[in-house]
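Note: the block below is work-v7.cif and it holds mmCIF, C-alpha atoms.
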data_target
loop_
_atom_site.group_PDB
_atom_site.id
_atom_site.type_symbol
_atom_site.label_atom_id
_atom_site.label_comp_id
_atom_site.auth_asym_id
_atom_site.auth_seq_id
_atom_site.Cartn_x
_atom_site.Cartn_y
_atom_site.Cartn_z
ATOM 1 C CA MET A 17 52.718 89.188 110.701
ATOM 2 C CA SER A 18 54.409 89.570 114.061
ATOM 3 C CA TYR A 19 53.226 91.400 117.152
ATOM 4 C CA SER A 20 55.304 92.593 120.036
ATOM 5 C CA TYR A 21 53.917 93.163 123.488
ATOM 6 C CA PRO A 22 55.409 95.128 126.326
ATOM 7 C CA ALA A 23 57.187 92.983 128.904
ATOM 8 C CA LYS A 24 55.030 94.412 131.660
ATOM 9 C CA VAL A 25 51.548 95.879 131.470
ATOM 10 C CA ASN A 26 50.400 98.512 133.938
ATOM 11 C CA VAL A 27 47.064 97.351 135.296
ATOM 12 C CA PRO A 28 44.725 100.214 136.226
ATOM 13 C CA PRO A 29 43.953 100.514 139.947
ATOM 14 C CA GLY A 30 40.997 98.343 140.929
ATOM 15 C CA LEU A 31 40.952 96.216 137.771
ATOM 16 C CA ARG A 32 42.780 93.330 139.416
ATOM 17 C CA THR A 33 40.325 93.417 142.330
ATOM 18 C CA LEU A 34 37.327 93.427 139.979
ATOM 19 C CA LEU A 35 38.645 90.517 137.937
ATOM 20 C CA GLU A 36 39.545 88.518 141.036
ATOM 21 C CA GLY A 37 36.027 89.071 142.391
ATOM 22 C CA LEU A 38 34.485 87.924 139.122
ATOM 23 C CA SER A 39 36.823 84.924 138.991
ATOM 24 C CA ARG A 40 35.876 83.840 142.511
ATOM 25 C CA ALA A 41 32.180 84.121 141.665
ATOM 26 C CA VAL A 42 32.674 82.089 138.459
ATOM 27 C CA VAL A 43 34.560 79.330 140.290
ATOM 28 C CA LYS A 44 31.942 79.244 143.031
ATOM 29 C CA ARG A 45 28.901 79.326 140.740
ATOM 30 C CA ARG A 46 30.234 77.476 137.680
ATOM 31 C CA PRO A 47 27.897 79.216 135.204
ATOM 32 C CA ASP A 48 27.218 77.669 131.804
ATOM 33 C CA TYR A 49 27.841 80.976 130.027
ATOM 34 C CA ILE A 50 30.637 82.983 131.618
ATOM 35 C CA SER A 51 30.170 86.068 129.438
ATOM 36 C CA GLN A 52 26.479 86.310 130.347
ATOM 37 C CA PHE A 53 27.309 85.689 134.008
ATOM 38 C CA ALA A 54 29.972 88.433 133.899
ATOM 39 C CA GLN A 55 27.482 90.912 132.438
ATOM 40 C CA LEU A 56 24.992 90.173 135.219
ATOM 41 C CA TYR A 57 27.719 90.189 137.870
ATOM 42 C CA PHE A 58 28.991 93.643 136.895
ATOM 43 C CA ALA A 59 25.463 95.062 136.535
ATOM 44 C CA GLU A 60 24.634 93.889 140.065
ATOM 45 C CA LEU A 61 27.993 95.138 141.351
ATOM 46 C CA LEU A 62 27.238 98.613 139.941
ATOM 47 C CA ARG A 63 23.875 98.613 141.722
ATOM 48 C CA PHE A 64 25.572 97.502 144.929
ATOM 49 C CA ARG A 65 28.110 100.309 144.576
ATOM 50 C CA THR A 66 25.347 102.925 144.399
ATOM 51 C CA GLU A 67 23.975 101.527 147.679
ATOM 52 C CA ASN A 68 27.461 101.578 149.267
ATOM 53 C CA PRO A 69 29.249 104.635 147.846
ATOM 54 C CA THR A 70 31.764 104.963 150.680
ATOM 55 C CA LEU A 71 33.294 101.486 150.391
ATOM 56 C CA ALA A 72 36.748 101.235 148.827
ATOM 57 C CA ILE A 73 36.975 98.909 145.814
ATOM 58 C CA LYS A 74 38.469 95.952 147.725
ATOM 59 C CA ALA A 75 35.894 96.177 150.494
ATOM 60 C CA LEU A 76 33.123 96.694 147.941
ATOM 61 C CA VAL A 77 33.976 93.560 145.962
ATOM 62 C CA ARG A 78 34.529 91.477 149.099
ATOM 63 C CA GLU A 79 31.196 92.559 150.613
ATOM 64 C CA PHE A 80 29.372 92.091 147.309
ATOM 65 C CA ASN A 81 30.701 88.577 146.855
ATOM 66 C CA THR A 82 29.713 87.551 150.369
ATOM 67 C CA THR A 83 26.241 89.095 150.313
ATOM 68 C CA LYS A 84 24.935 89.678 146.804
ATOM 69 C CA GLY A 85 27.392 88.292 144.294
ATOM 70 C CA ARG A 86 25.015 85.641 143.102
ATOM 71 C CA PRO A 87 23.562 86.572 139.704
ATOM 72 C CA ASN A 88 21.174 83.943 138.345
#
If you took the structure in this file and wrote it as structure tokens, what would it be?
Amino acid sequence: MSYSYPAKVNVPPGLRTLLEGLSRAVVKRRPDYISQFAQLYFAELLRFRTENPTLAIKALVREFNTTKGRPN
């Protein structure tokens, strides 16, 4: 069975920023279980977003990673 993939994928706006933020947190924290860490990271990021509804996605992720992006 053979699959073909498009040469270029259109990444939705903000997805790259979210994944880069998660990646930076993973590299910095070096969690044992990345999937569990990612779940906690995004849950905390959603809470942070409700506290900071006017921040654009890039500013939101940057601020979150410098202040609160430390899930246990």
Q: Tell me which of A:Thr70, A:Pro28, A:Tyr19, A:Tyr57 sits closest to A:Arg40, counting only C-alpha atoms.
A: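 Nearest to A:Arg40: A:Tyr57.
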Q: Would you kindly return, as a ChimeraX atom specification, each protein, DNA or RNA residue with an atom no farther than 12 Å from any atom of A:Pro47, considering only C-alpha atoms and excluding same-chain residues fewer than 3 positions away?
A: /A:38-44,50-54,56-57,86-88
**Q.** Residue among A:Gly37, A:Asn26, A:Arg46, A:Tyr21 lying closest to A:Val77, counting all atoms listed in the file
**A.** A:Gly37
**Q.** Option closest in space to A:Leu35, from A:Arg65, A:Tyr49, A:Pro22, A:Lys74 [counting all atoms listed in the file]
**A.**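 Looking only at the distances to A:Leu35, the closest residue turns out to be A:Lys74.
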Q | atom CA of A:Gln55 to atom CA of A:Leu76, straight-line distance in Å | A |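 Rounded to one decimal, the two atoms are 17.5 Å apart.
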Q | Coordinates-based distance that separates atom CA of A:Asp48 from atom CA of A:Thr82 (Å, one decimal) | A |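 Answer for the atom CA of A:Thr82 to atom CA of A:Asp48 separation: 21.2 Å.
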Non-local contacts of A:Ala72 (12 Å; only C-alpha atoms; under 4 positions in same chain excluded) as a PDB file with C-alpha atoms, keeping the file's coordinate frame:
ATOM      1  CA  PRO A  29      43.953 100.514 139.947  1.00  0.00           C
ATOM      2  CA  GLY A  30      40.997  98.343 140.929  1.00  0.00           C
ATOM      3  CA  THR A  33      40.325  93.417 142.330  1.00  0.00           C
ATOM      4  CA  LEU A  34      37.327  93.427 139.979  1.00  0.00           C
ATOM      5  CA  ARG A  65      28.110 100.309 144.576  1.00  0.00           C
ATOM      6  CA  ASN A  68      27.461 101.578 149.267  1.00  0.00           C
ATOM      7  CA  LEU A  76      33.123  96.694 147.941  1.00  0.00           C
ATOM      8  CA  VAL A  77      33.976  93.560 145.962  1.00  0.00           C
ATOM      9  CA  ARG A  78      34.529  91.477 149.099  1.00  0.00           C
ATOM     10  CA  GLU A  79      31.196  92.559 150.613  1.00  0.00           C
ATOM     11  CA  PHE A  80      29.372  92.091 147.309  1.00  0.00           C
TER      12      PHE A  80
END
All file atoms of stretch 41-60 of chain A boxed axis-aligned, 8 Å per side, centre plus edges, as JSON:
{"center_x": 29.6, "center_y": 86.3, "center_z": 136.2, "size_x": 25.9, "size_y": 33.6, "size_z": 29.6}
Q) Mind pulling up the distance from atom CA of A:Leu31 to atom CA of A:Thr66? A)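 These atoms are spaced 18.2 Å apart.
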